[in-house]
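Below you'll find the structure, written out as structure tokens, and then a few comments.
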Amino acid sequence: MRLVIQRVQRASVTIGGHEKAAIGKGLLILIGIEEADTRDDADWLVGKVAGLRIFDDADGVMNLSIEAIGGDVIVVSQFTLMASYRKGNRPSYIRAAGHATAIPLYDYFCRALSERLGRPVGTGEFGADMKVGLVNDGPVTICMDTKNKE
């Protein structure tokens, strides 16, 4: 699994002209899932996201987590995060999981993160043409990959 985590002042997901989810201060998370991913990968990421200290404390130091500030989260599925660009200029998405694997893992990740944070997590709609709006705060953007745990 791959995540792109963006600290935001606000974010929203719109599908077909209707706003599906909107948040204030918090995290916009883009998630890419491949066939080899498991619930263990999702659990590891939930722990990392919940504890990631990228929000400012009273001294202006990035020392607080999304849990600590009680911030909001939106999670958006994005198969293009699994792009391979090794050969040529047209990305290949062969590594991206099909619906049978990706949808249950996406749902599981969102549910597990919501339970960990103790509040609902906003979502997009798997496979939909989504318009994602955000005001990146900082900007602060972190990439995580369960196959490369840095």
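How things are named: the first chain in the structure tokens is A, the next is B, and so on; residues count from 1 in each chain; ligands count from 1 in the order shown.
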- Message: Write out as a ChimeraX atom specification the set of residues from range 2-126 of chain A that DSSP, computed on the backbone, places in helix (DSSP H, G or I).
- Response: /A:39-51,66-69,79-82,99-117
- Considering only C-alpha atoms, return as a ChimeraX atom specification whatever protein or nucleic-acid residues lie within 10 Å of Ala42 in chain A, sequence-local ones (same chain, fewer than 3 positions apart) excluded. /A:1-2,33,37-39,45-48,105-106,108-110,112-113,146
Requested write-out: N, CA and C atoms of the selected residues, as a PDB file, in the first residue's frame:
ATOM      1  N   MET A   1       0.853  -1.183   0.000  1.00  0.00           N
ATOM      2  CA  MET A   1       0.000   0.000   0.000  1.00  0.00           C
ATOM      3  C   MET A   1       0.888   1.232   0.000  1.00  0.00           C
ATOM      4  N   ARG A   2       0.408   2.202  -0.698  1.00  0.00           N
ATOM      5  CA  ARG A   2       1.094   3.486  -0.733  1.00  0.00           C
ATOM      6  C   ARG A   2       0.129   4.572  -0.299  1.00  0.00           C
ATOM      7  N   ILE A  33      -3.484   0.718  -3.661  1.00  0.00           N
ATOM      8  CA  ILE A  33      -3.445  -0.663  -3.174  1.00  0.00           C
ATOM      9  C   ILE A  33      -3.026  -1.586  -4.302  1.00  0.00           C
ATOM     10  N   ASP A  37      -1.054  -6.575  -1.187  1.00  0.00           N
ATOM     11  CA  ASP A  37      -1.339  -5.921   0.084  1.00  0.00           C
ATOM     12  C   ASP A  37      -2.325  -6.729   0.926  1.00  0.00           C
ATOM     13  N   THR A  38      -2.195  -6.567   2.252  1.00  0.00           N
ATOM     14  CA  THR A  38      -3.018  -7.308   3.204  1.00  0.00           C
ATOM     15  C   THR A  38      -3.526  -6.371   4.302  1.00  0.00           C
ATOM     16  N   ARG A  39      -4.343  -6.919   5.175  1.00  0.00           N
ATOM     17  CA  ARG A  39      -4.806  -6.155   6.333  1.00  0.00           C
ATOM     18  C   ARG A  39      -3.642  -5.774   7.244  1.00  0.00           C
ATOM     19  N   LEU A  45      -0.153   0.961   8.523  1.00  0.00           N
ATOM     20  CA  LEU A  45      -0.363   2.337   8.080  1.00  0.00           C
ATOM     21  C   LEU A  45      -1.287   3.114   9.011  1.00  0.00           C
ATOM     22  N   VAL A  46      -2.321   2.473   9.510  1.00  0.00           N
ATOM     23  CA  VAL A  46      -3.231   3.134  10.457  1.00  0.00           C
ATOM     24  C   VAL A  46      -2.446   3.625  11.667  1.00  0.00           C
ATOM     25  N   GLY A  47      -1.583   2.779  12.203  1.00  0.00           N
ATOM     26  CA  GLY A  47      -0.773   3.176  13.352  1.00  0.00           C
ATOM     27  C   GLY A  47       0.157   4.331  13.035  1.00  0.00           C
ATOM     28  N   LYS A  48       0.778   4.280  11.870  1.00  0.00           N
ATOM     29  CA  LYS A  48       1.691   5.349  11.465  1.00  0.00           C
ATOM     30  C   LYS A  48       0.949   6.668  11.242  1.00  0.00           C
ATOM     31  N   LEU A 105      -9.940  -3.830   1.081  1.00  0.00           N
ATOM     32  CA  LEU A 105      -8.815  -3.262   1.831  1.00  0.00           C
ATOM     33  C   LEU A 105      -8.986  -1.756   2.043  1.00  0.00           C
ATOM     34  N   TYR A 106      -9.519  -1.069   1.059  1.00  0.00           N
ATOM     35  CA  TYR A 106      -9.815   0.364   1.201  1.00  0.00           C
ATOM     36  C   TYR A 106     -10.832   0.576   2.322  1.00  0.00           C
ATOM     37  N   TYR A 108     -11.551  -1.467   4.750  1.00  0.00           N
ATOM     38  CA  TYR A 108     -10.942  -1.879   6.017  1.00  0.00           C
ATOM     39  C   TYR A 108     -10.049  -0.769   6.565  1.00  0.00           C
ATOM     40  N   PHE A 109      -9.191  -0.186   5.709  1.00  0.00           N
ATOM     41  CA  PHE A 109      -8.303   0.889   6.149  1.00  0.00           C
ATOM     42  C   PHE A 109      -9.117   2.066   6.702  1.00  0.00           C
ATOM     43  N   CYS A 110     -10.144   2.479   5.977  1.00  0.00           N
ATOM     44  CA  CYS A 110     -10.970   3.609   6.416  1.00  0.00           C
ATOM     45  C   CYS A 110     -11.658   3.314   7.747  1.00  0.00           C
ATOM     46  N   ALA A 112     -10.735   1.048  10.063  1.00  0.00           N
ATOM     47  CA  ALA A 112      -9.737   0.908  11.127  1.00  0.00           C
ATOM     48  C   ALA A 112      -9.211   2.277  11.566  1.00  0.00           C
ATOM     49  N   LEU A 113      -8.991   3.179  10.616  1.00  0.00           N
ATOM     50  CA  LEU A 113      -8.522   4.519  10.968  1.00  0.00           C
ATOM     51  C   LEU A 113      -9.600   5.273  11.735  1.00  0.00           C
ATOM     52  N   THR A 146       4.228   0.508   2.298  1.00  0.00           N
ATOM     53  CA  THR A 146       4.446  -0.650   3.160  1.00  0.00           C
ATOM     54  C   THR A 146       5.526  -1.586   2.635  1.00  0.00           C
TER      55      THR A 146
END
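Here the question is which of A:Asp72, A:Gln78, A:Ala100, A:Gln6 gets nearest to Ala21 in chain A using only C-alpha atoms, and that residue is A:Asp72.
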- Pick out the closest residue to Val4 in chain A from this set: A:Gly98, A:Gly32, A:Gly51, A:Pro139. Count only C-alpha atoms.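 Under the stated criterion, the closest residue is A:Gly32.
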- Tell me, as a list in words, which residues lie within 7 Å of Ile5 in chain A, counting only C-alpha atoms; anything in the same chain fewer than 6 positions away does not count.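 Contacts, with the query itself left out: Leu27, Leu28, Ile29, Leu30, Thr141, Ile142 and Cys143 of chain A.
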- Based on DSSP run over this structure's backbone, return all residues of chain A in strand (DSSP E), as a count of residues only. 56
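The gap separating CA of Ala96 in chain A from CA of Phe79 in chain A is 5.8 Å, in Å to one decimal.
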- Message: So, with only C-alpha atoms as the atoms that count, which of A:Asp129, A:Asp145, A:Gly71, A:Leu134 lies closest to Gly16 in chain A?
- Response: A:Asp129
- Query: Excluding same-chain residues fewer than 2 positions from range 53-67 of chain A, what lies within 9 Å of it counting only C-alpha atoms, as number ranges by chain?
  - Reply: A: 7, 26-27, 49-51, 69-73, 116-118, 140
Would you output that residue set with N, CA and C atoms, as a PDB file, in the first residue's frame?
ATOM      1  N   ARG A   7      -1.075  17.394   4.913  1.00  0.00           N
ATOM      2  CA  ARG A   7      -1.649  18.187   6.008  1.00  0.00           C
ATOM      3  C   ARG A   7      -2.410  19.328   5.356  1.00  0.00           C
ATOM      4  N   GLY A  26      -6.787  19.025   9.102  1.00  0.00           N
ATOM      5  CA  GLY A  26      -6.562  17.595   9.242  1.00  0.00           C
ATOM      6  C   GLY A  26      -5.693  17.033   8.149  1.00  0.00           C
ATOM      7  N   LEU A  27      -6.053  15.828   7.688  1.00  0.00           N
ATOM      8  CA  LEU A  27      -5.267  15.106   6.694  1.00  0.00           C
ATOM      9  C   LEU A  27      -6.121  14.689   5.512  1.00  0.00           C
ATOM     10  N   VAL A  49      -0.176   6.607  10.541  1.00  0.00           N
ATOM     11  CA  VAL A  49      -0.943   7.822  10.264  1.00  0.00           C
ATOM     12  C   VAL A  49      -1.441   8.451  11.562  1.00  0.00           C
ATOM     13  N   ALA A  50      -2.014   7.655  12.435  1.00  0.00           N
ATOM     14  CA  ALA A  50      -2.586   8.168  13.680  1.00  0.00           C
ATOM     15  C   ALA A  50      -1.533   8.833  14.555  1.00  0.00           C
ATOM     16  N   GLY A  51      -0.326   8.301  14.546  1.00  0.00           N
ATOM     17  CA  GLY A  51       0.723   8.827  15.412  1.00  0.00           C
ATOM     18  C   GLY A  51       1.688   9.796  14.752  1.00  0.00           C
ATOM     19  N   ILE A  69      -4.566  16.529  17.972  1.00  0.00           N
ATOM     20  CA  ILE A  69      -5.291  17.774  17.659  1.00  0.00           C
ATOM     21  C   ILE A  69      -6.780  17.534  17.417  1.00  0.00           C
ATOM     22  N   GLY A  70      -7.195  16.272  17.346  1.00  0.00           N
ATOM     23  CA  GLY A  70      -8.602  15.974  17.071  1.00  0.00           C
ATOM     24  C   GLY A  70      -9.009  16.395  15.669  1.00  0.00           C
ATOM     25  N   GLY A  71      -8.062  16.318  14.733  1.00  0.00           N
ATOM     26  CA  GLY A  71      -8.314  16.753  13.359  1.00  0.00           C
ATOM     27  C   GLY A  71      -9.147  15.765  12.560  1.00  0.00           C
ATOM     28  N   ASP A  72      -9.547  16.215  11.393  1.00  0.00           N
ATOM     29  CA  ASP A  72     -10.371  15.423  10.483  1.00  0.00           C
ATOM     30  C   ASP A  72      -9.513  14.723   9.438  1.00  0.00           C
ATOM     31  N   VAL A  73     -10.095  13.705   8.803  1.00  0.00           N
ATOM     32  CA  VAL A  73      -9.385  12.944   7.778  1.00  0.00           C
ATOM     33  C   VAL A  73     -10.338  12.613   6.633  1.00  0.00           C
ATOM     34  N   ARG A 116      -9.619   3.953  15.244  1.00  0.00           N
ATOM     35  CA  ARG A 116      -8.433   4.414  15.977  1.00  0.00           C
ATOM     36  C   ARG A 116      -8.590   5.867  16.419  1.00  0.00           C
ATOM     37  N   LEU A 117      -9.139   6.703  15.534  1.00  0.00           N
ATOM     38  CA  LEU A 117      -9.286   8.123  15.839  1.00  0.00           C
ATOM     39  C   LEU A 117     -10.530   8.429  16.666  1.00  0.00           C
ATOM     40  N   GLY A 118     -11.478   7.499  16.682  1.00  0.00           N
ATOM     41  CA  GLY A 118     -12.699   7.697  17.455  1.00  0.00           C
ATOM     42  C   GLY A 118     -13.676   8.666  16.817  1.00  0.00           C
ATOM     43  N   VAL A 140       2.861  20.428   3.817  1.00  0.00           N
ATOM     44  CA  VAL A 140       3.431  19.238   4.442  1.00  0.00           C
ATOM     45  C   VAL A 140       2.837  18.038   3.718  1.00  0.00           C
TER      46      VAL A 140
END
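The residue that comes closest to Ala36 in chain A, out of A:Glu115, A:Lys147, A:Pro120, A:Gln9 and on the basis of only C-alpha atoms, is A:Lys147.
Of the residues under consideration (A:Thr101, A:Ser114, A:Thr123, A:Ser92), A:Thr123 shows the shortest atom-to-atom contact distance to Ser77 in chain A when counting only C-alpha atoms.
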